[in-house]
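Listing of target-v6.cif; format and content: mmCIF, C-alpha atoms.
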data_start
#
loop_
_atom_site.label_atom_id
_atom_site.label_comp_id
_atom_site.auth_asym_id
_atom_site.auth_seq_id
_atom_site.Cartn_x
_atom_site.Cartn_y
_atom_site.Cartn_z
CA PRO A 83 -203.66 -56.97 -186.20
CA GLY A 84 -200.27 -55.39 -186.43
CA GLY A 85 -198.86 -57.73 -189.06
CA ARG A 86 -196.33 -60.52 -188.93
CA ILE A 87 -192.93 -60.44 -187.27
CA MET A 88 -190.58 -62.42 -189.48
CA ASN A 89 -187.30 -64.22 -188.71
CA ASN A 90 -188.42 -65.58 -185.34
CA ARG A 91 -189.63 -68.82 -183.85
CA ILE A 92 -192.55 -67.34 -181.93
CA LEU A 93 -196.18 -67.25 -183.01
CA THR A 94 -198.15 -64.37 -181.50
CA ARG A 95 -201.87 -64.12 -181.08
CA ASP A 96 -202.00 -61.66 -183.99
CA ASP A 97 -200.35 -64.25 -186.21
CA PHE A 98 -202.98 -66.82 -185.32
CA LEU A 99 -205.78 -64.29 -185.69
CA ASP A 100 -204.65 -63.36 -189.19
CA ASP A 101 -204.71 -66.95 -190.38
CA ALA A 102 -207.82 -67.89 -188.45
CA ASN A 103 -209.60 -65.07 -190.32
CA LYS A 104 -208.32 -66.36 -193.65
CA ILE A 105 -209.47 -69.88 -192.88
CA GLY A 106 -212.70 -68.83 -191.18
CA CYS A 107 -212.08 -70.71 -187.94
CA ASN A 108 -211.08 -69.66 -184.45
CA VAL A 109 -207.55 -69.39 -183.09
CA ALA A 110 -207.97 -72.38 -180.79
CA ALA A 111 -208.55 -74.71 -183.75
CA ILE A 112 -205.20 -73.83 -185.35
CA ARG A 113 -203.35 -73.96 -182.05
CA ALA A 114 -204.80 -77.42 -181.40
CA VAL A 115 -203.34 -78.76 -184.63
CA ALA A 116 -199.94 -77.24 -183.80
CA GLU A 117 -200.05 -78.75 -180.32
CA VAL A 118 -200.77 -82.26 -181.58
CA GLU A 119 -198.34 -82.13 -184.50
CA SER A 120 -195.29 -80.62 -182.78
CA ALA A 121 -196.14 -79.79 -179.16
CA GLY A 122 -196.63 -76.22 -180.38
CA SER A 123 -193.05 -75.62 -181.51
CA GLY A 124 -191.76 -76.34 -185.00
CA PHE A 125 -188.04 -76.18 -184.15
CA ASP A 126 -185.74 -78.47 -182.20
CA SER A 127 -183.24 -77.39 -179.54
CA LEU A 128 -180.66 -76.60 -182.24
CA GLY A 129 -183.03 -74.36 -184.15
CA ARG A 130 -183.68 -76.86 -186.94
CA PRO A 131 -187.24 -77.44 -188.15
CA LYS A 132 -188.69 -80.57 -186.64
CA THR A 133 -188.99 -83.42 -189.13
CA LEU A 134 -190.42 -86.90 -189.29
CA PHE A 135 -189.14 -89.08 -192.11
CA GLU A 136 -191.66 -91.49 -193.65
CA GLY A 137 -189.94 -94.49 -195.20
CA HIS A 138 -193.07 -95.73 -196.97
CA ILE A 139 -193.30 -92.44 -198.87
CA PHE A 140 -189.61 -92.70 -199.75
CA TYR A 141 -190.28 -96.24 -200.97
CA LYS A 142 -193.10 -95.01 -203.18
CA LEU A 143 -191.16 -92.08 -204.62
CA THR A 144 -188.06 -94.18 -205.34
CA LYS A 145 -190.03 -97.26 -206.45
CA GLY A 146 -188.42 -99.29 -203.69
CA LYS A 147 -184.94 -98.79 -205.08
CA PHE A 148 -183.29 -98.75 -201.64
CA ALA A 149 -185.48 -101.26 -199.82
CA LYS A 150 -182.84 -104.00 -199.74
CA SER A 151 -179.83 -101.81 -198.99
CA HIS A 152 -181.57 -99.49 -196.49
CA PRO A 153 -184.65 -101.26 -195.08
CA SER A 154 -184.96 -98.87 -192.11
CA ILE A 155 -185.68 -95.86 -194.33
CA CYS A 156 -187.26 -97.50 -197.39
CA TYR A 157 -190.17 -99.87 -196.80
CA PRO A 158 -193.52 -100.50 -198.54
CA ARG A 159 -195.99 -99.87 -195.70
CA TRP A 160 -196.29 -97.29 -192.94
CA THR A 161 -194.87 -98.32 -189.59
CA LYS A 162 -193.58 -96.63 -186.45
CA GLN A 163 -190.89 -99.26 -186.08
CA PHE A 164 -188.05 -97.25 -187.59
CA TYR A 165 -188.84 -93.78 -186.25
CA GLY A 166 -185.92 -92.16 -184.46
CA LYS A 167 -186.07 -92.12 -180.68
CA SER A 168 -184.93 -88.49 -180.62
CA ARG A 169 -184.99 -85.44 -182.88
CA ALA A 170 -181.31 -86.02 -183.63
CA ALA A 171 -182.01 -89.60 -184.66
CA GLU A 172 -184.81 -88.47 -186.94
CA PHE A 173 -182.56 -85.85 -188.50
CA ALA A 174 -179.96 -88.57 -189.14
CA ARG A 175 -182.55 -90.71 -190.92
CA LEU A 176 -183.41 -87.81 -193.19
CA GLN A 177 -179.76 -87.09 -193.93
CA LEU A 178 -179.15 -90.73 -194.83
CA ALA A 179 -182.10 -90.69 -197.22
CA MET A 180 -180.85 -87.43 -198.73
CA SER A 181 -177.53 -89.10 -199.51
CA LEU A 182 -179.43 -91.64 -201.61
CA ASP A 183 -182.02 -89.42 -203.33
CA ARG A 184 -182.12 -85.84 -202.12
CA THR A 185 -185.40 -84.71 -203.69
CA ALA A 186 -187.32 -87.84 -202.76
CA ALA A 187 -185.99 -87.61 -199.20
CA LEU A 188 -187.09 -84.00 -198.71
CA MET A 189 -190.52 -84.88 -200.08
CA SER A 190 -190.76 -87.89 -197.75
CA ALA A 191 -190.44 -85.92 -194.51
CA SER A 192 -193.04 -83.88 -192.65
CA TRP A 193 -191.82 -80.47 -191.54
CA GLY A 194 -192.22 -77.82 -188.89
CA THR A 195 -194.97 -76.75 -186.54
CA PHE A 196 -197.74 -78.38 -188.54
CA GLN A 197 -195.73 -81.33 -189.88
CA ILE A 198 -196.68 -80.83 -193.52
CA MET A 199 -195.16 -83.34 -195.92
CA GLY A 200 -192.54 -82.02 -198.30
CA SER A 201 -194.46 -83.68 -201.12
CA ASN A 202 -197.13 -80.99 -200.59
CA TYR A 203 -194.74 -78.17 -201.53
CA ALA A 204 -196.84 -77.04 -204.51
CA ILE A 205 -200.05 -76.92 -202.46
CA CYS A 206 -198.23 -74.65 -200.02
CA GLY A 207 -197.29 -72.23 -202.80
CA PHE A 208 -193.74 -73.26 -203.72
CA SER A 209 -192.24 -74.14 -207.08
CA THR A 210 -189.89 -76.79 -205.70
CA VAL A 211 -189.45 -78.84 -202.55
CA GLU A 212 -186.12 -77.05 -202.01
CA GLU A 213 -187.97 -73.73 -201.71
CA PHE A 214 -190.43 -75.33 -199.30
CA VAL A 215 -187.61 -76.67 -197.10
CA GLN A 216 -185.88 -73.28 -197.18
CA ALA A 217 -189.08 -71.70 -195.82
CA GLN A 218 -189.28 -74.31 -193.05
CA HIS A 219 -185.88 -73.12 -191.82
CA GLU A 220 -186.85 -69.43 -191.74
CA ASP A 221 -189.38 -68.89 -188.96
CA ALA A 222 -192.60 -70.04 -187.36
CA ASN A 223 -194.69 -67.75 -189.53
CA SER A 224 -193.52 -69.63 -192.61
CA HIS A 225 -194.87 -72.80 -191.01
CA LEU A 226 -198.18 -71.09 -190.29
CA GLN A 227 -198.46 -69.74 -193.82
CA CYS A 228 -197.83 -73.21 -195.26
CA PHE A 229 -200.55 -74.64 -193.03
CA THR A 230 -203.05 -72.01 -194.13
CA GLU A 231 -202.28 -72.57 -197.80
CA PHE A 232 -202.67 -76.32 -197.33
CA VAL A 233 -205.99 -75.98 -195.51
CA LEU A 234 -207.41 -73.64 -198.13
CA ASP A 235 -206.22 -75.77 -201.04
CA ARG A 236 -207.58 -79.01 -199.57
CA GLY A 237 -210.89 -77.46 -198.59
CA LEU A 238 -210.47 -78.08 -194.86
CA SER A 239 -211.79 -74.71 -193.69
CA ASP A 240 -215.25 -76.05 -192.89
CA GLU A 241 -213.85 -78.93 -190.85
CA LEU A 242 -211.82 -76.55 -188.70
CA ARG A 243 -214.62 -74.02 -188.36
CA ASP A 244 -217.23 -76.65 -187.46
CA LEU A 245 -214.85 -78.63 -185.21
CA ARG A 246 -215.33 -81.79 -187.26
CA TRP A 247 -212.12 -83.35 -186.03
CA ALA A 248 -212.58 -86.82 -187.52
CA ASP A 249 -213.23 -85.35 -190.96
CA PHE A 250 -210.23 -83.06 -190.60
CA ALA A 251 -208.02 -85.90 -189.38
CA ARG A 252 -208.98 -88.18 -192.27
CA ILE A 253 -207.58 -85.73 -194.80
CA TYR A 254 -204.81 -84.07 -192.80
CA ASN A 255 -203.41 -87.11 -190.98
CA GLY A 256 -204.54 -89.91 -193.28
CA ALA A 257 -207.06 -92.72 -193.32
CA SER A 258 -205.39 -94.46 -190.37
CA TYR A 259 -205.78 -91.47 -188.04
CA ARG A 260 -207.69 -93.56 -185.49
CA LEU A 261 -204.61 -95.69 -184.83
CA ASN A 262 -203.06 -92.85 -182.81
CA ASN A 263 -206.34 -91.18 -181.71
CA TYR A 264 -205.46 -88.13 -183.77
CA ASP A 265 -208.97 -86.69 -183.77
CA THR A 266 -209.50 -87.05 -180.04
CA LYS A 267 -206.09 -85.53 -179.31
CA ILE A 268 -207.01 -82.45 -181.35
CA ALA A 269 -210.39 -82.24 -179.62
CA THR A 270 -208.68 -82.31 -176.21
CA ALA A 271 -206.16 -79.66 -177.23
CA TYR A 272 -208.93 -77.49 -178.65
CA ASP A 273 -210.89 -77.63 -175.39
CA LYS A 274 -207.81 -76.37 -173.55
CA PHE A 275 -207.10 -73.52 -175.94
CA ILE A 276 -210.69 -72.35 -176.35
CA LYS A 277 -210.85 -71.83 -172.58
CA GLU A 278 -207.75 -69.64 -172.82
CA GLU A 279 -209.33 -67.68 -175.66
CA GLU A 280 -212.47 -67.10 -173.63
CA VAL A 281 -210.41 -65.71 -170.77
CA LEU A 282 -208.42 -63.46 -173.11
CA ARG A 283 -211.55 -62.15 -174.80
CA ALA A 284 -213.07 -61.36 -171.41
CA ILE A 285 -209.94 -59.43 -170.43
CA GLU A 286 -209.92 -57.55 -173.73
CA ALA A 287 -213.58 -56.65 -173.31
CA GLN A 288 -212.76 -55.04 -169.96
CA THR A 289 -209.66 -53.25 -171.26
CA PRO A 290 -210.42 -52.28 -174.88
CA ALA A 291 -207.43 -49.96 -175.05
CA ALA A 292 -204.96 -52.75 -174.31
CA GLU A 293 -202.59 -53.79 -177.06
CA SER A 294 -203.58 -56.97 -178.88
CA TYR A 295 -200.05 -58.38 -178.97
CA TRP A 296 -199.98 -61.57 -176.95
CA GLN A 297 -197.43 -64.20 -176.06
CA PRO A 298 -198.56 -67.76 -175.31
CA MET A 299 -198.98 -68.69 -171.66
CA ASP A 300 -195.96 -70.12 -169.86
CA ASP A 301 -197.18 -73.70 -169.96
CA ILE A 302 -197.87 -73.60 -173.70
CA SER A 303 -194.81 -72.11 -175.31
CA PHE A 304 -194.42 -71.55 -179.01
CA GLN A 305 -190.80 -70.49 -178.64
CA THR A 306 -187.72 -72.67 -178.70
CA PRO A 307 -184.53 -71.78 -176.82
CA SER A 308 -182.68 -68.86 -178.37
CA THR A 309 -180.16 -69.98 -180.98
CA GLU A 310 -178.08 -68.40 -183.65
CA THR A 311 -179.49 -68.65 -187.14
CA ILE A 312 -178.83 -72.20 -188.33
CA SER A 313 -176.87 -72.55 -191.55
CA LEU A 314 -178.98 -74.19 -194.19
CA ASP A 315 -175.87 -76.14 -195.10
CA LEU A 316 -176.86 -78.45 -192.24
CA ILE A 317 -179.62 -79.83 -194.39
CA LEU A 318 -179.41 -78.23 -197.80
CA VAL A 319 -176.13 -79.74 -198.87
#

Go through the file and emit its structure as structure tokens.
Amino acid sequence: PGGRIMNNRILTRDDFLDDANKIGCNVAAIRAVAEVESAGSGFDSLGRPKTLFEGHIFYKLTKGKFAKSHPSICYPRWTKQFYGKSRAAEFARLQLAMSLDRTAALMSASWGTFQIMGSNYAICGFSTVEEFVQAQHEDANSHLQCFTEFVLDRGLSDELRDLRWADFARIYNGASYRLNNYDTKIATAYDKFIKEEEVLRAIEAQTPAAESYWQPMDDISFQTPSTETISLDLILV
């Protein structure tokens, strides 16, 4: 592979191949996780990393300090009830939590293409959650690198390689993964992407001199609309 292209919001086939080789799985397995977690794109229409704020994690990290004053972002048990109905609404929830306890808020949100919790910043190779969030704002490759580090640290390589989706889901999505059919959604996405890979490999076998650089097919885009670089002040202040 020709190496990574940084400062962009596109994941190429070479990017996926690099990390699939590190993990020991096929490209379709990683793409399936990205599809289920973020519809394949880790950035919203304004170029911000997609987030999902988890009030039960915020409750745990703050010992319920804001449960009475802010019950929609600080509650003892997981629920979908308070999720924002849009990306903007979710971003507003995160900003509100940051105004109360910045570090706990950043750790209580899942981020980017693979929706990795900020609380996993150390597993992903960062010294602080601030550094982790900074990386989430940079480009899609940063999201992919975080995913690979997480998978390797948590010992999930075998699950991805052997297509053991329930076992993968139990660790990656949590013990309640069956509530939203997480494992079956990944299995369905994998079936779609492995068919694409088979077609691409057949084409490459017939044209060995062709360049390996590849953009995702039109109906499965890993690119958000072009935007100017977003100031980190939007979230890091």

If you measure from CA of Ala251 (chain A) to CA of Ile105 (chain A), what distance in Å do you get, rounded to one decimal? 16.5 Å

Would you write out, as a ChimeraX atom specification, every residue that the PyMOL selection byres ((chain A and resi 144) around 10) captures in this file? /A:138-143,145-149,156,182-183,185-187

Given the file above and the PyMOL selection byres ((chain A and resi 116) around 10), which residues are selected, and can you give them as a list in words? Ala110, Ala111, Ile112, Arg113, Ala114, Val115, Glu117, Val118, Glu119, Ser120, Ala121, Gly122, Ser123, Gly124, Gly194, Thr195, Phe196, Gln197, His225, Leu226, Phe229, Ile268, Ala271 and Phe304 of chain A

Applying 12 Å and only C-alpha atoms, which residues near Phe250 (chain A) remain after dropping the ones on its own chain fewer than 2 positions away? List them as a PDB file with C-alpha atoms, in the coordinates of the input.
ATOM      1  CA  ALA A 111    -208.550 -74.710-183.750  1.00  0.00           C
ATOM      2  CA  ILE A 112    -205.200 -73.830-185.350  1.00  0.00           C
ATOM      3  CA  VAL A 115    -203.340 -78.760-184.630  1.00  0.00           C
ATOM      4  CA  VAL A 233    -205.990 -75.980-195.510  1.00  0.00           C
ATOM      5  CA  ARG A 236    -207.580 -79.010-199.570  1.00  0.00           C
ATOM      6  CA  GLY A 237    -210.890 -77.460-198.590  1.00  0.00           C
ATOM      7  CA  LEU A 238    -210.470 -78.080-194.860  1.00  0.00           C
ATOM      8  CA  SER A 239    -211.790 -74.710-193.690  1.00  0.00           C
ATOM      9  CA  ASP A 240    -215.250 -76.050-192.890  1.00  0.00           C
ATOM     10  CA  GLU A 241    -213.850 -78.930-190.850  1.00  0.00           C
ATOM     11  CA  LEU A 242    -211.820 -76.550-188.700  1.00  0.00           C
ATOM     12  CA  ARG A 243    -214.620 -74.020-188.360  1.00  0.00           C
ATOM     13  CA  ASP A 244    -217.230 -76.650-187.460  1.00  0.00           C
ATOM     14  CA  LEU A 245    -214.850 -78.630-185.210  1.00  0.00           C
ATOM     15  CA  ARG A 246    -215.330 -81.790-187.260  1.00  0.00           C
ATOM     16  CA  TRP A 247    -212.120 -83.350-186.030  1.00  0.00           C
ATOM     17  CA  ALA A 248    -212.580 -86.820-187.520  1.00  0.00           C
ATOM     18  CA  ARG A 252    -208.980 -88.180-192.270  1.00  0.00           C
ATOM     19  CA  ILE A 253    -207.580 -85.730-194.800  1.00  0.00           C
ATOM     20  CA  TYR A 254    -204.810 -84.070-192.800  1.00  0.00           C
ATOM     21  CA  ASN A 255    -203.410 -87.110-190.980  1.00  0.00           C
ATOM     22  CA  GLY A 256    -204.540 -89.910-193.280  1.00  0.00           C
ATOM     23  CA  ALA A 257    -207.060 -92.720-193.320  1.00  0.00           C
ATOM     24  CA  TYR A 259    -205.780 -91.470-188.040  1.00  0.00           C
ATOM     25  CA  ARG A 260    -207.690 -93.560-185.490  1.00  0.00           C
ATOM     26  CA  TYR A 264    -205.460 -88.130-183.770  1.00  0.00           C
ATOM     27  CA  ASP A 265    -208.970 -86.690-183.770  1.00  0.00           C
ATOM     28  CA  THR A 266    -209.500 -87.050-180.040  1.00  0.00           C
ATOM     29  CA  ILE A 268    -207.010 -82.450-181.350  1.00  0.00           C
ATOM     30  CA  ALA A 269    -210.390 -82.240-179.620  1.00  0.00           C
TER      31      ALA A 269
END

Pick from A:His152, A:Arg91, A:Lys267, A:Arg169: nearest to Asp126 (chain A), with only C-alpha atoms counted? A:Arg169

Which residues come within 6 Å of region 217-221 of chain A, counting only C-alpha atoms, excluding same-chain residues fewer than 2 positions away, as a VMD selection string? chain A and resid 89 to 91 131 214 to 215 223 to 224

Counting only C-alpha atoms, find residues at most 6 Å from (-195.3, -85.1, -200.4) (file frame) and give them as a count of residues only. 6

If the PyMOL selection byres ((chain A and resi 160) around 9) were run on this exact file, what residues would it hold? Put them as an NGL selection string. :A and (136-139 or 157-159 or 161-163)

One-decimal distance in Å that lies between CA of Gln177 (chain A) and CA of Glu213 (chain A):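 A separation of 17.5 Å between them.
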
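Atom pair CA of Arg95 (chain A) / CA of Leu128 (chain A): separated by 24.6 Å.
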
Between A:Ala102, A:Cys107, A:Leu93, A:Leu134, which residue has the minimum interatomic distance to Ala174 (chain A), considering only C-alpha atoms?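 When distances to Ala174 (chain A) are compared using only C-alpha atoms, the smallest one comes from A:Leu134.
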
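With distances restricted to only C-alpha atoms, A:Val109 is the closest residue to Phe275 (chain A) from A:Ile155, A:Ile198, A:Leu234, A:Val109.
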
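If you measure from each of A:Leu188, A:Tyr203, A:Ser127, A:Phe208 to Ala170 (chain A) using only C-alpha atoms, the closest one turns out to be A:Ser127.
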
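When all atoms listed in the file are used to compute distances to Arg184 (chain A), the closest of the residues A:Val211, A:Tyr165, A:Lys274, A:Ala222 turns out to be A:Val211.
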
Of the candidates A:Ser258, A:Asn263, A:Ser181, A:Thr230, which shows the shortest atom-to-atom distance to Asp97 (chain A), using all atoms listed in the file?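 Among the listed residues, A:Thr230 lies closest to Asp97 (chain A).
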
Could you write region 228-243 of chain A as a compact mmCIF listing (two decimals), in the coordinates of the input, with N, CA, C and O atoms rebuilt where they are missing?
# COMPACT_ATOMS: atom_id res chain seq x y z
N CYS A 228 -197.72 -71.94 -194.53
CA CYS A 228 -197.83 -73.21 -195.26
C CYS A 228 -199.09 -73.95 -194.83
O CYS A 228 -199.81 -74.52 -195.67
N PHE A 229 -199.35 -73.96 -193.54
CA PHE A 229 -200.55 -74.64 -193.03
C PHE A 229 -201.81 -74.01 -193.62
O PHE A 229 -202.72 -74.72 -194.08
N THR A 230 -201.87 -72.70 -193.61
CA THR A 230 -203.05 -72.01 -194.13
C THR A 230 -203.25 -72.30 -195.61
O THR A 230 -204.39 -72.57 -196.06
N GLU A 231 -202.18 -72.25 -196.37
CA GLU A 231 -202.28 -72.57 -197.80
C GLU A 231 -202.77 -74.00 -198.01
O GLU A 231 -203.60 -74.26 -198.89
N PHE A 232 -202.26 -74.92 -197.22
CA PHE A 232 -202.67 -76.32 -197.33
C PHE A 232 -204.15 -76.47 -197.02
O PHE A 232 -204.89 -77.15 -197.75
N VAL A 233 -204.59 -75.87 -195.92
CA VAL A 233 -205.99 -75.98 -195.51
C VAL A 233 -206.91 -75.41 -196.58
O VAL A 233 -207.93 -76.03 -196.93
N LEU A 234 -206.56 -74.26 -197.11
CA LEU A 234 -207.41 -73.64 -198.13
C LEU A 234 -207.44 -74.46 -199.41
O LEU A 234 -208.49 -74.63 -200.03
N ASP A 235 -206.29 -74.98 -199.81
CA ASP A 235 -206.22 -75.77 -201.04
C ASP A 235 -207.01 -77.08 -200.92
O ASP A 235 -207.69 -77.49 -201.87
N ARG A 236 -206.91 -77.72 -199.76
CA ARG A 236 -207.58 -79.01 -199.57
C ARG A 236 -209.02 -78.88 -199.10
O ARG A 236 -209.69 -79.88 -198.86
N GLY A 237 -209.50 -77.67 -198.97
CA GLY A 237 -210.89 -77.46 -198.59
C GLY A 237 -211.21 -77.90 -197.17
O GLY A 237 -212.30 -78.44 -196.90
N LEU A 238 -210.29 -77.65 -196.24
CA LEU A 238 -210.47 -78.08 -194.86
C LEU A 238 -210.98 -76.96 -193.94
O LEU A 238 -211.06 -77.15 -192.72
N SER A 239 -211.32 -75.83 -194.51
CA SER A 239 -211.79 -74.71 -193.69
C SER A 239 -213.04 -75.06 -192.90
O SER A 239 -213.16 -74.74 -191.71
N ASP A 240 -213.99 -75.71 -193.56
CA ASP A 240 -215.25 -76.05 -192.89
C ASP A 240 -215.01 -77.00 -191.72
O ASP A 240 -215.64 -76.85 -190.66
N GLU A 241 -214.12 -77.96 -191.92
CA GLU A 241 -213.85 -78.93 -190.85
C GLU A 241 -213.28 -78.23 -189.62
O GLU A 241 -213.65 -78.56 -188.48
N LEU A 242 -212.39 -77.28 -189.83
CA LEU A 242 -211.82 -76.55 -188.70
C LEU A 242 -212.85 -75.62 -188.06
O LEU A 242 -212.93 -75.52 -186.84
N ARG A 243 -213.62 -74.96 -188.89
CA ARG A 243 -214.62 -74.02 -188.36
C ARG A 243 -215.70 -74.75 -187.56
O ARG A 243 -216.14 -74.30 -186.50
